[in-house]
>>> print(open('work26.txt').read())   # compact mmCIF, C-alpha atoms
# COMPACT_ATOMS: atom_id res chain seq x y z
CA MET A 178 128.97 -24.64 35.06
CA ALA A 179 130.93 -27.87 35.44
CA GLU A 180 130.79 -29.76 38.73
CA ILE A 181 134.32 -30.17 40.13
CA LYS A 182 134.89 -32.70 42.88
CA ILE A 183 138.29 -33.34 44.51
CA ILE A 184 138.32 -36.14 47.07
CA ARG A 185 140.57 -38.46 48.99
CA ALA A 186 140.22 -41.60 46.91
CA GLY A 187 138.61 -44.69 48.42
CA GLU A 188 137.54 -48.21 47.50
CA SER A 189 134.82 -46.96 45.14
CA ASP A 190 137.53 -45.23 43.08
CA LEU A 191 139.61 -48.35 42.38
CA LYS A 192 137.85 -48.65 39.02
CA TYR A 193 139.64 -45.50 37.81
CA ALA A 194 143.18 -46.87 38.21
CA ASP A 195 143.51 -47.90 34.54
CA ALA A 196 142.43 -44.44 33.36
CA VAL A 197 144.84 -42.71 35.76
CA SER A 198 147.76 -44.92 34.72
CA ALA A 199 147.02 -44.25 31.04
CA MET A 200 146.76 -40.49 31.70
CA ILE A 201 150.20 -40.52 33.36
CA ASP A 202 151.71 -42.48 30.46
CA GLU A 203 150.18 -40.18 27.83
CA ALA A 204 151.43 -37.07 29.60
CA ALA A 205 154.92 -38.55 29.89
CA LYS A 206 154.99 -39.24 26.13
CA SER A 207 153.48 -35.98 24.96
CA LYS A 208 155.51 -33.69 27.23
CA ASN A 209 158.74 -35.71 27.26
CA SER A 210 158.57 -35.02 30.96
CA GLY A 211 160.06 -36.66 33.99
CA LEU A 212 156.84 -38.52 34.78
CA ALA A 213 157.54 -42.12 35.69
CA HIS A 214 155.26 -44.99 34.65
CA ARG A 215 152.81 -46.17 37.31
CA THR A 216 150.87 -49.38 36.74
CA PRO A 217 147.14 -49.58 37.41
CA GLU A 218 147.89 -52.01 40.26
CA TYR A 219 150.26 -49.49 41.85
CA ILE A 220 147.56 -46.80 41.58
CA ARG A 221 145.03 -49.21 43.17
CA GLU A 222 147.48 -49.91 46.01
CA LYS A 223 147.75 -46.18 46.77
CA ILE A 224 143.96 -45.85 46.74
CA ARG A 225 143.55 -48.85 49.09
CA GLU A 226 146.12 -47.37 51.49
CA GLY A 227 144.19 -44.08 51.66
CA LYS A 228 147.11 -42.25 50.05
CA ALA A 229 145.52 -40.83 46.91
CA VAL A 230 143.53 -37.83 45.76
CA ILE A 231 141.32 -37.96 42.68
CA ALA A 232 139.49 -35.18 40.86
CA PHE A 233 136.35 -35.38 38.77
CA VAL A 234 134.73 -32.87 36.44
CA ASP A 235 131.11 -33.71 35.73
CA GLY A 236 131.79 -37.28 36.87
CA GLU A 237 134.79 -37.82 34.57
CA VAL A 238 138.26 -38.49 35.97
CA ALA A 239 140.08 -35.17 35.62
CA GLY A 240 143.19 -35.59 37.77
CA PHE A 241 145.09 -37.53 40.36
CA CYS A 242 147.99 -37.42 42.83
CA TYR A 243 149.27 -39.82 45.49
CA ILE A 244 151.57 -39.90 48.48
CA ALA A 245 154.23 -42.38 49.57
CA THR A 246 156.20 -42.58 52.80
CA TRP A 247 159.94 -43.13 53.20
CA GLN A 248 162.43 -43.70 56.02
CA ASN A 249 159.87 -44.77 58.64
CA CYS A 250 157.49 -41.96 57.65
CA GLU A 251 160.13 -39.28 58.17
CA PHE A 252 159.53 -38.22 54.54
CA VAL A 253 156.38 -38.10 52.42
CA SER A 254 156.53 -37.67 48.67
CA HIS A 255 153.83 -36.47 46.32
CA SER A 256 153.89 -38.16 42.96
CA GLY A 257 151.84 -38.76 39.87
CA LEU A 258 150.22 -35.33 39.81
CA ILE A 259 148.28 -35.40 36.57
CA VAL A 260 145.42 -33.43 35.05
CA ASN A 261 143.55 -34.60 31.97
CA PRO A 262 144.57 -32.20 29.14
CA LYS A 263 140.98 -31.15 28.47
CA PHE A 264 140.68 -29.86 32.05
CA ARG A 265 143.99 -27.99 32.25
CA GLY A 266 144.27 -24.25 32.72
CA HIS A 267 141.59 -23.95 35.42
CA GLY A 268 143.65 -24.39 38.58
CA LEU A 269 142.74 -28.05 39.00
CA ALA A 270 146.37 -29.13 39.58
CA THR A 271 146.68 -26.58 42.38
CA SER A 272 143.50 -27.85 44.05
CA ILE A 273 144.58 -31.50 43.72
CA LYS A 274 148.05 -30.76 45.07
CA ARG A 275 146.64 -28.75 47.98
CA GLU A 276 144.34 -31.65 48.95
CA CYS A 277 147.28 -34.07 48.66
CA PHE A 278 149.32 -31.72 50.86
CA ASN A 279 146.50 -31.63 53.45
CA LEU A 280 146.22 -35.44 53.32
CA SER A 281 149.96 -35.70 54.00
CA ARG A 282 149.81 -33.24 56.90
CA ASP A 283 146.80 -35.07 58.40
CA LYS A 284 148.38 -38.52 58.16
CA TYR A 285 152.02 -37.59 58.84
CA PRO A 286 152.11 -34.19 60.59
CA ASN A 287 155.82 -34.32 61.45
CA ALA A 288 157.10 -35.63 58.12
CA LYS A 289 159.01 -33.57 55.61
CA ILE A 290 156.99 -33.44 52.40
CA PHE A 291 159.02 -33.51 49.22
CA GLY A 292 158.82 -33.93 45.50
CA LEU A 293 160.98 -34.01 42.43
CA THR A 294 159.64 -32.24 39.37
CA THR A 295 160.52 -30.82 35.98
CA SER A 296 157.27 -28.83 35.83
CA LEU A 297 157.37 -25.08 36.37
CA ALA A 298 153.67 -25.19 37.26
CA VAL A 299 154.32 -27.75 40.01
CA MET A 300 157.26 -25.69 41.28
CA LYS A 301 154.95 -22.69 41.55
CA ILE A 302 152.28 -24.71 43.40
CA ASN A 303 154.89 -26.17 45.75
CA THR A 304 156.28 -22.71 46.49
CA GLU A 305 152.77 -21.47 47.36
CA LEU A 306 152.44 -24.41 49.78
CA GLY A 307 155.70 -23.47 51.51
CA TYR A 308 158.17 -25.85 49.86
CA VAL A 309 161.71 -24.67 49.16
CA PRO A 310 164.17 -25.94 46.53
CA VAL A 311 166.79 -28.32 47.92
CA THR A 312 169.60 -30.53 46.75
CA PHE A 313 168.83 -34.22 46.35
CA SER A 314 170.81 -34.94 49.53
CA GLU A 315 168.00 -33.24 51.51
CA VAL A 316 165.29 -35.61 50.31
CA THR A 317 165.00 -39.23 51.31
CA ASN A 318 167.94 -41.55 50.85
CA ASP A 319 165.59 -44.55 50.73
CA GLU A 320 166.71 -46.74 47.83
CA GLU A 321 163.11 -47.79 47.10
CA PHE A 322 162.20 -44.17 46.36
CA TRP A 323 165.06 -43.79 43.90
CA LYS A 324 164.11 -47.06 42.16
CA GLY A 325 160.89 -45.28 41.18
CA CYS A 326 162.97 -43.02 38.92
CA GLU A 327 164.08 -45.98 36.79
CA THR A 328 161.06 -45.70 34.46
CA CYS A 329 161.67 -41.99 33.84
CA ALA A 330 163.09 -40.96 30.47
CA ASN A 331 165.79 -38.96 32.30
CA PHE A 332 167.02 -41.79 34.54
CA ASP A 333 170.35 -42.02 32.70
CA ILE A 334 171.18 -38.47 33.88
CA LEU A 335 170.48 -39.40 37.48
CA GLN A 336 172.72 -42.46 37.15
CA ARG A 337 175.57 -40.63 35.42
CA THR A 338 175.65 -37.98 38.15
CA LYS A 339 175.53 -40.61 40.92
CA ARG A 340 172.17 -39.24 42.05
CA PHE A 341 173.66 -35.78 42.58
CA ASN A 342 171.34 -34.07 40.08
CA CYS A 343 168.95 -34.58 37.19
CA LEU A 344 166.52 -32.47 35.21
CA CYS A 345 164.15 -32.56 38.19
CA VAL A 346 164.23 -30.00 40.97
CA GLY A 347 163.92 -31.28 44.53
CA MET A 348 161.56 -29.34 46.80
CA VAL A 349 160.79 -29.85 50.49
CA PHE A 350 158.22 -28.61 52.99
CA ASP A 351 159.68 -29.03 56.48
CA PRO A 352 157.00 -28.68 59.21
CA ALA A 353 159.71 -27.96 61.78
CA LYS A 354 160.58 -24.81 59.85
CA GLN A 355 157.15 -23.78 58.57
CA LYS A 356 154.00 -24.90 60.32
CA LYS A 357 151.45 -24.03 57.67
CA PRO A 358 151.50 -23.24 53.97
CA MET A 359 151.83 -19.69 52.79
CA SER A 360 148.57 -18.12 51.66
CA LYS A 361 148.12 -16.72 48.18
>>> encode(input="work26.txt", output="structure tokens")
Amino acid sequence: MAEIKIIRAGESDLKYADAVSAMIDEAAKSKNSGLAHRTPEYIREKIREGKAVIAFVDGEVAGFCYIATWQNCEFVSHSGLIVNPKFRGHGLATSIKRECFNLSRDKYPNAKIFGLTTSLAVMKINTELGYVPVTFSEVTNDEEFWKGCETCANFDILQRTKRFNCLCVGMVFDPAKQKKPMSK
């Protein structure tokens, strides 16, 4: 049986930033998804800030996700959720996302947690955690967040619609409305 380890990334995990960045880029190409490019330095920054979760299977990097804060920590986003293709289909994304959710709730208990996604699997995970679909006007209006969409293949859609919609679905967990995630 494979050893699966999902942890809040720390200094000792900085060495995996190149592999994580490459995994994100490969997934974006192969799935023609809405995944935006993230440089290894950006990944290292998230790890240094204590805002990343990394998964290993038998010591090999198997997945990753990170958080970012917006509007004076009123909003927290989850981004870069990725699972190495050879480890998909075993619930690893759900476990990574749940740990990222718990990290967000621990660090920013009053923040609304949100994400934009084109992935049905991520939508399902988010729903299980208590997120609800929302219009883009209900997620952060922080311009820095929206700049992150510029490296996405679908950015032209977002621009043409004046940030009204895109191929992504916005989803939010609001702790004022739901204190804990729904159980399975």
>>> closest_atom_pairs(input="work26.txt", of="range 269-301 of chain A", to="range 223-227 of chain A", cutoff="12 Å", atoms="only C-alpha atoms", output="Markdown table")
| residue | atom | partner | partner_atom | distance |
| --- | --- | --- | --- | --- |
| A:Cys277 | CA | A:Gly227 | CA | 10.9 |
| A:Leu280 | CA | A:Gly227 | CA | 9.0 |
| A:Ser281 | CA | A:Gly227 | CA | 10.4 |
| A:Asp283 | CA | A:Gly227 | CA | 11.6 |
| A:Lys284 | CA | A:Gly227 | CA | 9.5 |
>>> write_last_selection(input="work26.txt", atoms="C-alpha atoms", output="PDB file, in the frame of the given file")
ATOM      1  CA  CYS A 277     147.280 -34.070  48.660  1.00  0.00           C
ATOM      2  CA  LEU A 280     146.220 -35.440  53.320  1.00  0.00           C
ATOM      3  CA  SER A 281     149.960 -35.700  54.000  1.00  0.00           C
ATOM      4  CA  ASP A 283     146.800 -35.070  58.400  1.00  0.00           C
ATOM      5  CA  LYS A 284     148.380 -38.520  58.160  1.00  0.00           C
TER       6      LYS A 284
END
>>> residues_around(input="work26.txt", residues="Phe241 in chain A", least_positions_apart="3", cutoff="6 Å", atoms="only C-alpha atoms", output="list in words")
Val230, Ile231, Leu258 and Ile259 of chain A
>>> atom_distance(input="work26.txt", atom1="CA of Ser198 in chain A", atom2="CA of Thr338 in chain A")
28.9 Å
>>> residues_around(input="work26.txt", residues="Phe322 in chain A", least_positions_apart="3", cutoff="9 Å", atoms="only C-alpha atoms", output="CSV table (one decimal) with C-alpha atoms, in the coordinates of the input")
chain,number,residue,atom,x,y,z
A,245,ALA,CA,154.2,-42.4,49.6
A,246,THR,CA,156.2,-42.6,52.8
A,247,TRP,CA,159.9,-43.1,53.2
A,254,SER,CA,156.5,-37.7,48.7
A,317,THR,CA,165.0,-39.2,51.3
A,318,ASN,CA,167.9,-41.6,50.8
A,319,ASP,CA,165.6,-44.6,50.7
A,325,GLY,CA,160.9,-45.3,41.2
A,326,CYS,CA,163.0,-43.0,38.9
>>> residues_around(input="work26.txt", residues="range 199-202 of chain A", least_positions_apart="5", cutoff="9 Å", atoms="all atoms listed in the file", output="list in words")
Ala194, Ser207, Leu212, Ala213, His214, Arg215, Thr216, Pro217, Gly240, Gly257, Leu258, Ile259, Val260, Asn261 and Pro262 of chain A
>>> decode(input="work26.txt", residues="range 281-306 of chain A", atoms="C-alpha atoms", output="PDB file, in the first residue's frame")
ATOM      1  CA  SER A 281      -7.718  28.833   5.531  1.00  0.00           C
ATOM      2  CA  ARG A 282     -10.191  28.478   8.405  1.00  0.00           C
ATOM      3  CA  ASP A 283      -7.338  28.250  10.941  1.00  0.00           C
ATOM      4  CA  LYS A 284      -5.499  31.315   9.626  1.00  0.00           C
ATOM      5  CA  TYR A 285      -8.498  33.439   8.600  1.00  0.00           C
ATOM      6  CA  PRO A 286     -11.593  32.170  10.451  1.00  0.00           C
ATOM      7  CA  ASN A 287     -13.837  35.081   9.444  1.00  0.00           C
ATOM      8  CA  ALA A 288     -12.833  35.295   5.781  1.00  0.00           C
ATOM      9  CA  LYS A 289     -15.008  34.221   2.895  1.00  0.00           C
ATOM     10  CA  ILE A 290     -13.226  31.417   1.052  1.00  0.00           C
ATOM     11  CA  PHE A 291     -13.657  31.438  -2.695  1.00  0.00           C
ATOM     12  CA  GLY A 292     -12.393  29.969  -5.900  1.00  0.00           C
ATOM     13  CA  LEU A 293     -12.920  30.126  -9.621  1.00  0.00           C
ATOM     14  CA  THR A 294     -12.850  26.838 -11.475  1.00  0.00           C
ATOM     15  CA  THR A 295     -13.732  25.087 -14.710  1.00  0.00           C
ATOM     16  CA  SER A 296     -13.362  21.655 -13.101  1.00  0.00           C
ATOM     17  CA  LEU A 297     -16.480  19.650 -12.283  1.00  0.00           C
ATOM     18  CA  ALA A 298     -14.430  17.652  -9.776  1.00  0.00           C
ATOM     19  CA  VAL A 299     -13.410  20.830  -7.935  1.00  0.00           C
ATOM     20  CA  MET A 300     -17.010  22.072  -7.996  1.00  0.00           C
ATOM     21  CA  LYS A 301     -18.080  18.812  -6.353  1.00  0.00           C
ATOM     22  CA  ILE A 302     -15.346  19.079  -3.693  1.00  0.00           C
ATOM     23  CA  ASN A 303     -16.241  22.712  -3.016  1.00  0.00           C
ATOM     24  CA  THR A 304     -19.920  21.828  -2.655  1.00  0.00           C
ATOM     25  CA  GLU A 305     -19.038  19.120  -0.113  1.00  0.00           C
ATOM     26  CA  LEU A 306     -17.077  21.744   1.848  1.00  0.00           C
TER      27      LEU A 306
END
